[in-house]
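Novice: Following this line is entry19.cif, made up of mmCIF, C-alpha atoms:
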data_query
loop_
_atom_site.label_atom_id
_atom_site.label_comp_id
_atom_site.auth_asym_id
_atom_site.auth_seq_id
_atom_site.Cartn_x
_atom_site.Cartn_y
_atom_site.Cartn_z
CA MET A 1 61.70 25.22 -53.89
CA ILE A 2 59.99 21.98 -52.91
CA GLU A 3 61.26 20.36 -49.73
CA LEU A 4 61.30 16.58 -50.05
CA PRO A 5 59.49 14.65 -47.28
CA LYS A 6 61.88 13.00 -44.82
CA GLU A 7 59.44 11.67 -42.20
CA ILE A 8 56.28 9.58 -42.26
CA THR A 9 53.11 11.68 -42.11
CA LYS A 10 50.49 10.13 -39.88
CA SER A 11 46.94 9.65 -41.09
CA THR A 12 44.51 12.45 -40.31
CA ARG A 13 41.16 10.66 -40.73
CA ILE A 14 39.57 7.57 -39.25
CA ASN A 15 36.08 7.81 -40.73
CA PRO A 16 35.50 7.95 -44.49
CA LYS A 17 34.97 11.34 -46.12
CA THR A 18 32.83 9.78 -48.85
CA MET A 19 30.81 6.57 -48.65
CA VAL A 20 28.69 4.72 -51.20
CA LEU A 21 25.96 2.42 -49.89
CA PHE A 22 23.96 0.46 -52.45
CA SER A 23 21.32 -2.23 -52.23
CA GLN A 24 18.19 -3.71 -53.72
CA PRO A 25 15.14 -1.39 -53.42
CA LYS A 26 13.21 -1.33 -50.11
CA THR A 27 16.14 -2.69 -48.09
CA GLY A 28 16.13 0.15 -45.55
CA LYS A 29 18.88 2.52 -46.73
CA THR A 30 16.76 5.62 -46.17
CA THR A 31 15.71 4.40 -42.71
CA ILE A 32 19.25 3.85 -41.47
CA VAL A 33 20.65 7.17 -42.74
CA ALA A 34 17.64 8.97 -41.24
CA ALA A 35 18.78 7.66 -37.84
CA LEU A 36 22.33 8.96 -38.36
CA LYS A 37 22.73 11.92 -36.00
CA ASP A 38 23.13 15.32 -37.66
CA CYS A 39 22.52 13.92 -41.15
CA LEU A 40 20.58 15.82 -43.81
CA THR A 41 18.92 13.45 -46.26
CA ILE A 42 18.54 14.98 -49.71
CA ASP A 43 15.64 13.07 -51.23
CA LEU A 44 15.84 12.96 -55.03
CA GLU A 45 13.14 10.38 -55.74
CA GLU A 46 10.35 11.25 -53.28
CA GLY A 47 11.15 8.12 -51.30
CA SER A 48 11.28 9.43 -47.73
CA ASP A 49 7.59 10.11 -47.04
CA PHE A 50 7.33 7.14 -44.67
CA VAL A 51 10.52 7.98 -42.76
CA ASP A 52 11.01 10.52 -39.96
CA ALA A 53 14.18 12.34 -40.98
CA LEU A 54 16.02 15.63 -41.23
CA LYS A 55 15.36 15.88 -44.95
CA PHE A 56 14.93 18.07 -48.01
CA ASP A 57 12.78 16.73 -50.86
CA VAL A 58 14.27 18.26 -54.01
CA VAL A 59 11.64 16.94 -56.41
CA LYS A 60 8.70 18.20 -54.34
CA GLU A 61 10.32 21.61 -53.85
CA ALA A 62 11.03 21.81 -57.59
CA LYS A 63 7.39 21.10 -58.42
CA LYS A 64 6.20 23.76 -55.96
CA ALA A 65 8.65 26.36 -57.28
CA GLU A 66 8.13 25.29 -60.92
CA LYS A 67 11.87 24.88 -61.36
CA LEU A 68 14.12 22.11 -62.58
CA PRO A 69 15.29 19.78 -59.76
CA ILE A 70 18.93 20.56 -60.59
CA VAL A 71 18.22 24.28 -60.03
CA VAL A 72 16.65 23.61 -56.62
CA LEU A 73 19.52 21.29 -55.67
CA LYS A 74 22.10 23.95 -56.57
CA GLU A 75 20.13 26.51 -54.52
CA LEU A 76 20.18 24.11 -51.56
CA ILE A 77 23.94 23.61 -51.90
CA ASN A 78 24.51 27.37 -51.98
CA ALA A 79 22.27 27.86 -48.92
CA ILE A 80 24.27 25.26 -46.98
CA LYS A 81 27.53 26.93 -48.06
CA GLU A 82 26.30 30.26 -46.71
CA ALA A 83 25.16 28.67 -43.44
CA ASN A 84 28.56 26.95 -43.08
CA ASN A 85 30.34 30.28 -43.58
CA GLU A 86 28.16 31.98 -40.98
CA LYS A 87 28.71 29.20 -38.45
CA GLY A 88 32.38 28.71 -39.24
CA ASP A 89 31.75 24.97 -39.32
CA TYR A 90 29.51 22.41 -40.98
CA VAL A 91 25.82 22.89 -40.20
CA TYR A 92 25.32 19.21 -41.13
CA LYS A 93 28.01 16.72 -40.20
CA PHE A 94 26.58 14.22 -42.67
CA ILE A 95 24.72 14.66 -45.94
CA ALA A 96 23.05 11.67 -47.58
CA ILE A 97 22.14 11.67 -51.29
CA ASP A 98 19.08 9.47 -51.84
CA THR A 99 19.80 8.30 -54.50
CA VAL A 100 22.76 8.84 -56.83
CA THR A 101 20.86 6.74 -59.37
CA ALA A 102 18.22 9.53 -59.45
CA LEU A 103 20.90 12.24 -59.33
CA GLU A 104 22.30 10.96 -62.62
CA ASP A 105 19.00 11.88 -64.30
CA ILE A 106 18.67 15.19 -62.45
CA VAL A 107 22.08 16.50 -63.63
CA LEU A 108 21.20 16.02 -67.31
CA PRO A 109 20.44 19.76 -67.89
CA LEU A 110 23.85 20.58 -66.41
CA ALA A 111 25.48 18.02 -68.70
CA ASN A 112 23.70 19.59 -71.69
CA LYS A 113 25.03 23.02 -70.71
CA MET A 114 28.56 21.66 -70.32
CA TYR A 115 28.42 20.31 -73.87
CA LYS A 116 26.91 23.53 -75.28
CA ASP A 117 29.76 25.49 -73.69
CA THR A 118 32.28 23.62 -75.83
CA PRO A 119 33.23 24.69 -79.39
CA MET A 120 31.88 21.37 -80.68
CA GLY A 121 28.49 21.80 -79.02
CA ARG A 122 28.04 25.52 -79.58
CA ASN A 123 25.36 25.05 -82.25
CA TRP A 124 23.80 21.91 -80.77
CA ASP A 125 20.07 22.32 -80.10
CA GLY A 126 19.34 18.92 -78.57
CA VAL A 127 17.90 18.21 -75.12
CA ASP A 128 19.81 15.06 -74.13
CA VAL A 129 23.59 14.71 -74.58
CA THR A 130 23.32 10.95 -74.12
CA THR A 131 21.85 10.77 -77.63
CA LEU A 132 25.08 12.05 -79.21
CA ALA A 133 26.73 9.67 -81.66
CA ASN A 134 29.08 6.97 -80.39
CA GLY A 135 28.19 7.66 -76.76
CA ALA A 136 30.13 10.95 -76.83
CA GLY A 137 27.67 12.64 -74.49
CA TYR A 138 28.19 10.34 -71.53
CA ARG A 139 31.44 12.08 -70.57
CA TYR A 140 29.37 15.21 -69.90
CA THR A 141 26.86 13.37 -67.70
CA ARG A 142 29.82 11.92 -65.75
CA ASN A 143 31.37 15.38 -65.42
CA ALA A 144 28.06 16.90 -64.30
CA LEU A 145 27.53 14.14 -61.74
CA SER A 146 31.08 14.54 -60.44
CA THR A 147 30.71 18.34 -60.20
CA VAL A 148 27.58 18.12 -58.03
CA LEU A 149 28.97 15.37 -55.80
CA ASN A 150 32.20 17.32 -55.27
CA GLU A 151 30.19 20.38 -54.20
CA LEU A 152 28.21 18.27 -51.74
CA GLU A 153 31.39 16.68 -50.37
CA ASP A 154 32.82 20.12 -49.66
CA ILE A 155 29.90 21.22 -47.45
CA CYS A 156 29.85 18.36 -44.91
CA ASP A 157 32.22 16.16 -42.94
CA THR A 158 31.00 12.95 -44.61
CA LEU A 159 28.96 12.52 -47.78
CA VAL A 160 26.89 9.31 -47.86
CA ILE A 161 25.85 8.36 -51.39
CA LEU A 162 22.94 5.93 -51.61
CA GLY A 163 22.22 3.93 -54.74
CA HIS A 164 20.52 0.91 -56.24
CA THR A 165 22.18 -2.28 -57.47
CA LYS A 166 22.95 -3.29 -61.02
CA ASP A 167 23.58 -6.96 -61.74
CA LYS A 168 25.44 -8.09 -64.85
CA ASP A 169 26.99 -11.33 -66.01
CA VAL A 170 30.77 -11.18 -66.44
CA GLU A 171 33.42 -13.80 -67.18
CA LYS A 172 36.25 -14.11 -64.69
CA GLY A 173 38.84 -16.84 -64.94
CA GLY A 174 36.77 -18.68 -67.51
CA GLU A 175 33.77 -18.73 -65.16
CA LEU A 176 30.54 -16.78 -65.71
CA ILE A 177 29.46 -14.96 -62.54
CA THR A 178 26.83 -12.35 -61.70
CA GLU A 179 28.59 -9.17 -60.61
CA ARG A 180 26.68 -6.75 -58.37
CA SER A 181 27.61 -3.07 -58.45
CA LEU A 182 26.21 0.46 -58.22
CA ASP A 183 23.50 1.24 -60.77
CA LEU A 184 24.88 4.07 -62.90
CA THR A 185 25.28 4.45 -66.65
CA GLY A 186 28.40 3.29 -68.47
CA LYS A 187 31.67 4.07 -66.71
CA SER A 188 30.10 6.34 -64.08
CA SER A 189 29.79 3.53 -61.53
CA SER A 190 33.42 2.37 -61.72
CA ILE A 191 34.76 5.95 -61.77
CA LEU A 192 32.70 7.03 -58.76
CA CYS A 193 33.54 3.89 -56.78
CA SER A 194 37.25 4.39 -57.46
CA GLN A 195 37.08 7.91 -56.03
CA VAL A 196 35.16 7.36 -52.78
CA ASP A 197 36.72 6.14 -49.52
CA THR A 198 34.26 3.36 -48.74
CA ILE A 199 31.72 1.22 -50.61
CA GLY A 200 29.24 -0.98 -48.77
CA TYR A 201 26.49 -3.34 -49.84
CA VAL A 202 23.35 -3.13 -47.68
CA TYR A 203 21.16 -6.21 -47.21
CA ARG A 204 18.62 -7.69 -44.79
CA ASP A 205 19.31 -10.87 -42.83
CA GLU A 206 16.04 -11.75 -41.10
CA ASN A 207 15.51 -8.88 -38.62
CA GLU A 208 18.96 -7.32 -39.12
CA THR A 209 20.19 -4.73 -41.62
CA VAL A 210 23.82 -5.41 -42.51
CA ILE A 211 26.44 -3.38 -44.39
CA ASP A 212 29.03 -5.57 -46.09
CA PHE A 213 32.43 -3.99 -46.79
CA LYS A 214 34.18 -7.25 -47.65
CA PRO A 215 35.21 -7.44 -51.33
CA SER A 216 34.39 -10.54 -53.33
CA GLN A 217 34.26 -11.68 -56.93
CA SER A 218 30.56 -10.91 -57.14
CA ILE A 219 30.25 -7.63 -55.19
CA ILE A 220 32.37 -4.52 -55.85
CA ILE A 221 32.86 -3.11 -52.33
CA GLY A 222 35.63 -2.19 -49.88
CA SER A 223 37.02 0.56 -47.65
CA ARG A 224 40.13 2.64 -47.00
CA SER A 225 39.19 2.96 -43.30
CA ASP A 226 41.00 0.29 -41.30
CA HIS A 227 38.08 -0.37 -38.95
CA LEU A 228 35.78 -1.16 -41.92
CA LYS A 229 38.06 -3.28 -44.09
CA ASP A 230 36.73 -6.81 -44.71
CA LYS A 231 33.90 -6.28 -42.20
CA LYS A 232 30.20 -7.07 -42.16
CA ILE A 233 28.52 -4.75 -39.68
CA VAL A 234 24.96 -4.90 -38.33
CA VAL A 235 23.60 -1.32 -38.29
CA ALA A 236 19.94 -1.97 -37.50
CA VAL A 237 17.81 -4.54 -35.69
CA SER A 238 14.02 -4.68 -35.77
CA ASP A 239 11.77 -6.31 -33.18
CA GLU A 240 8.50 -8.22 -33.64
CA ALA A 241 6.50 -4.99 -33.43
CA GLY A 242 8.49 -3.50 -36.30
CA ASN A 243 10.48 -1.06 -34.18
CA VAL A 244 13.95 -0.48 -35.61
CA LYS A 245 17.05 0.27 -33.52
CA VAL A 246 19.89 1.78 -35.56
CA ASP A 247 23.50 1.94 -34.38
CA TRP A 248 26.23 3.59 -36.51
CA SER A 249 28.90 3.53 -33.78
CA GLN A 250 30.89 0.71 -35.41
CA ILE A 251 31.06 2.60 -38.69
CA PHE A 252 31.59 6.23 -37.64
CA LYS A 253 33.99 6.31 -34.72
CA GLN A 254 33.93 9.21 -32.30
#
Output the file's structure in the form of structure tokens.
Specialist:
Amino acid sequence: MIELPKEITKSTRINPKTMVLFSQPKTGKTTIVAALKDCLTIDLEEGSDFVDALKFDVVKEAKKAEKLPIVVLKELINAIKEANNEKGDYVYKFIAIDTVTALEDIVLPLANKMYKDTPMGRNWDGVDVTTLANGAGYRYTRNALSTVLNELEDICDTLVILGHTKDKDVEKGGELITERSLDLTGKSSSILCSQVDTIGYVYRDENETVIDFKPSQSIIIGSRSDHLKDKKIVVAVSDEAGNVKVDWSQIFKQ
């Protein structure tokens, strides 16, 4: 028999469990997550060659092993799961996906398999579910993306999801504005952003790298963590010589 709650349950987390950070290309997302202590960067678009980081390049490893990137990524996830079990804790406190925009393409073989496993797709011999009539295949790409992200979330304390921006013109209150959001296909962006704890927009302001968590009409961002709500936080400062000092202490509290 269910016992009805009679007292207020206090919150158990301060820092977000899942965070989306998106920006224009070459803004410094990879650089700032590389400086996050105990963070494994999973590079999905061979974009970390110029950054010193604790990293795993899925695309390069897939080419060397002559496997699909999704196969190598799943092998990496399983290896981290085993290491977590042996340690009895997370081997990486943070995992950063760089980028979810690339991950959407990488999970396509998984999405194809999901469709083929259904009665409707049993005899389908295509190679891209997104070509199905009336956009019917996009639900499988969303499901595949969600499956992989959920697995990654389970093997670390905080999953940081990096992505690119997508700008589109929308009408709000009779006024046409340019809305900036995460670059994913169809409904994937809005669904993912509704599920994560925190969404931040990363931009450069002269020699500073800033993460904006303050919602507005033009940028879809925000946070469930009280210390991040409606904040703009400087996470990196560069000097004249190009040296970058990164500080995450205002975002991830001890």
Novice: Can you pull out every residue within 9 Å of Leu54 (chain A), counting all atoms listed in the file, but drop anything in the same chain fewer than 3 positions away, and send it as JSON, numbers by chain?
Specialist: {"A": [34, 38, 39, 40, 41, 42]}
Novice: Show me, as an NGL selection string, the residues that have an atom within 10 Å of Arg142 (chain A) when counting all atoms listed in the file, minus same-chain residues fewer than 3 positions from it.
Specialist: :A and (104 or 107-108 or 111 or 137-139 or 145-147 or 184-189 or 191-192)
Novice: I'd like the interatomic distance between CA of His227 (chain A) and CA of Pro16 (chain A), to a tenth of an Å.
Specialist: 10.3 Å
Novice: Restricting the calculation to only C-alpha atoms: of A:Asp117, A:Asp205, A:Glu240, A:Asp98, which residue gets closest to Val20 (chain A)?
Specialist: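 Nearest to Val20 (chain A): A:Asp98.
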Novice: Of the candidates A:Lys166, A:Lys231, A:Lys214, A:Arg224, which one gets nearest to Pro25 (chain A) if we count only C-alpha atoms?
Specialist: A:Lys166
Novice: Between A:Ile32, A:Ala83, A:Leu132, A:Ile2, which is the closest to Val210 (chain A) once you count only C-alpha atoms?
Specialist: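 So, comparing all the options, the nearest one is A:Ile32.
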Novice: Got a sec to check which residues sit within 12 Å of (13.4, 22.1, -52.9), counting all atoms listed in the file, and write them as a PyMOL selection string?
Specialist: chain A and resi 42-44+46+55-77+79
Novice: Give me, please, the distance in Å between CA of Leu228 (chain A) and CA of Phe213 (chain A), quoted to one decimal.
Specialist: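 Those two atoms sit 6.6 Å apart.
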Novice: Counting all atoms listed in the file, which residues come within 8 Å of (18.5, -6.4, -55.8), with the point read in the file's coordinates, and could you list them as a VMD selection string?
Specialist: chain A and resid 23 to 25 164 to 167
Novice: The PyMOL selection byres ((chain A and resi 22) around 10) on the file shown: which residues, as number ranges by chain?
Specialist: A: 19-21, 23-25, 27, 29, 99-101, 161-166, 180-183, 199-203, 211, 221
Novice: Can you work out which one of A:Lys87, A:Lys26, A:Lys6, A:Lys93 has the shortest atom-to-atom distance to Thr209 (chain A), counting all atoms listed in the file?
Specialist: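 For Thr209 (chain A), the nearest of the candidates is A:Lys26.
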Novice: To one decimal place in Å, what is the distance between CA of Ser48 (chain A) and CA of Ala35 (chain A)?
Specialist: 12.5 Å
Novice: Could you tell me, as a list of chain:residue names, exactly which residues end up selected when the PyMOL selection byres ((chain A and resi 15) around 7) is applied to this structure?
Specialist: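 Evaluating the PyMOL selection byres ((chain A and resi 15) around 7) on these coordinates yields A:Arg13, A:Ile14, A:Pro16, A:Lys17, A:Ser225, A:Phe252, A:Lys253.
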Novice: Which residue gives the smallest distance to Tyr92 (chain A) among A:Met114, A:Val234, A:Ala133, A:Leu36, with all atoms listed in the file counted?
Specialist: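 Selected residue with least distance to Tyr92 (chain A): A:Leu36.
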Novice: Compare A:Leu149, A:Ala144, A:Asn123, A:Lys37 by their minimum atom-to-atom distance to Asp247 (chain A), counting all atoms listed in the file, and give me the closest one.
Specialist: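 Residue with the minimum atom-to-atom distance to Asp247 (chain A): A:Lys37.
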Novice: Evaluate the PyMOL selection byres ((chain A and resi 218) around 6) against this structure - the residues, as a ChimeraX atom specification, please.
Specialist: /A:179-180,216-217,219
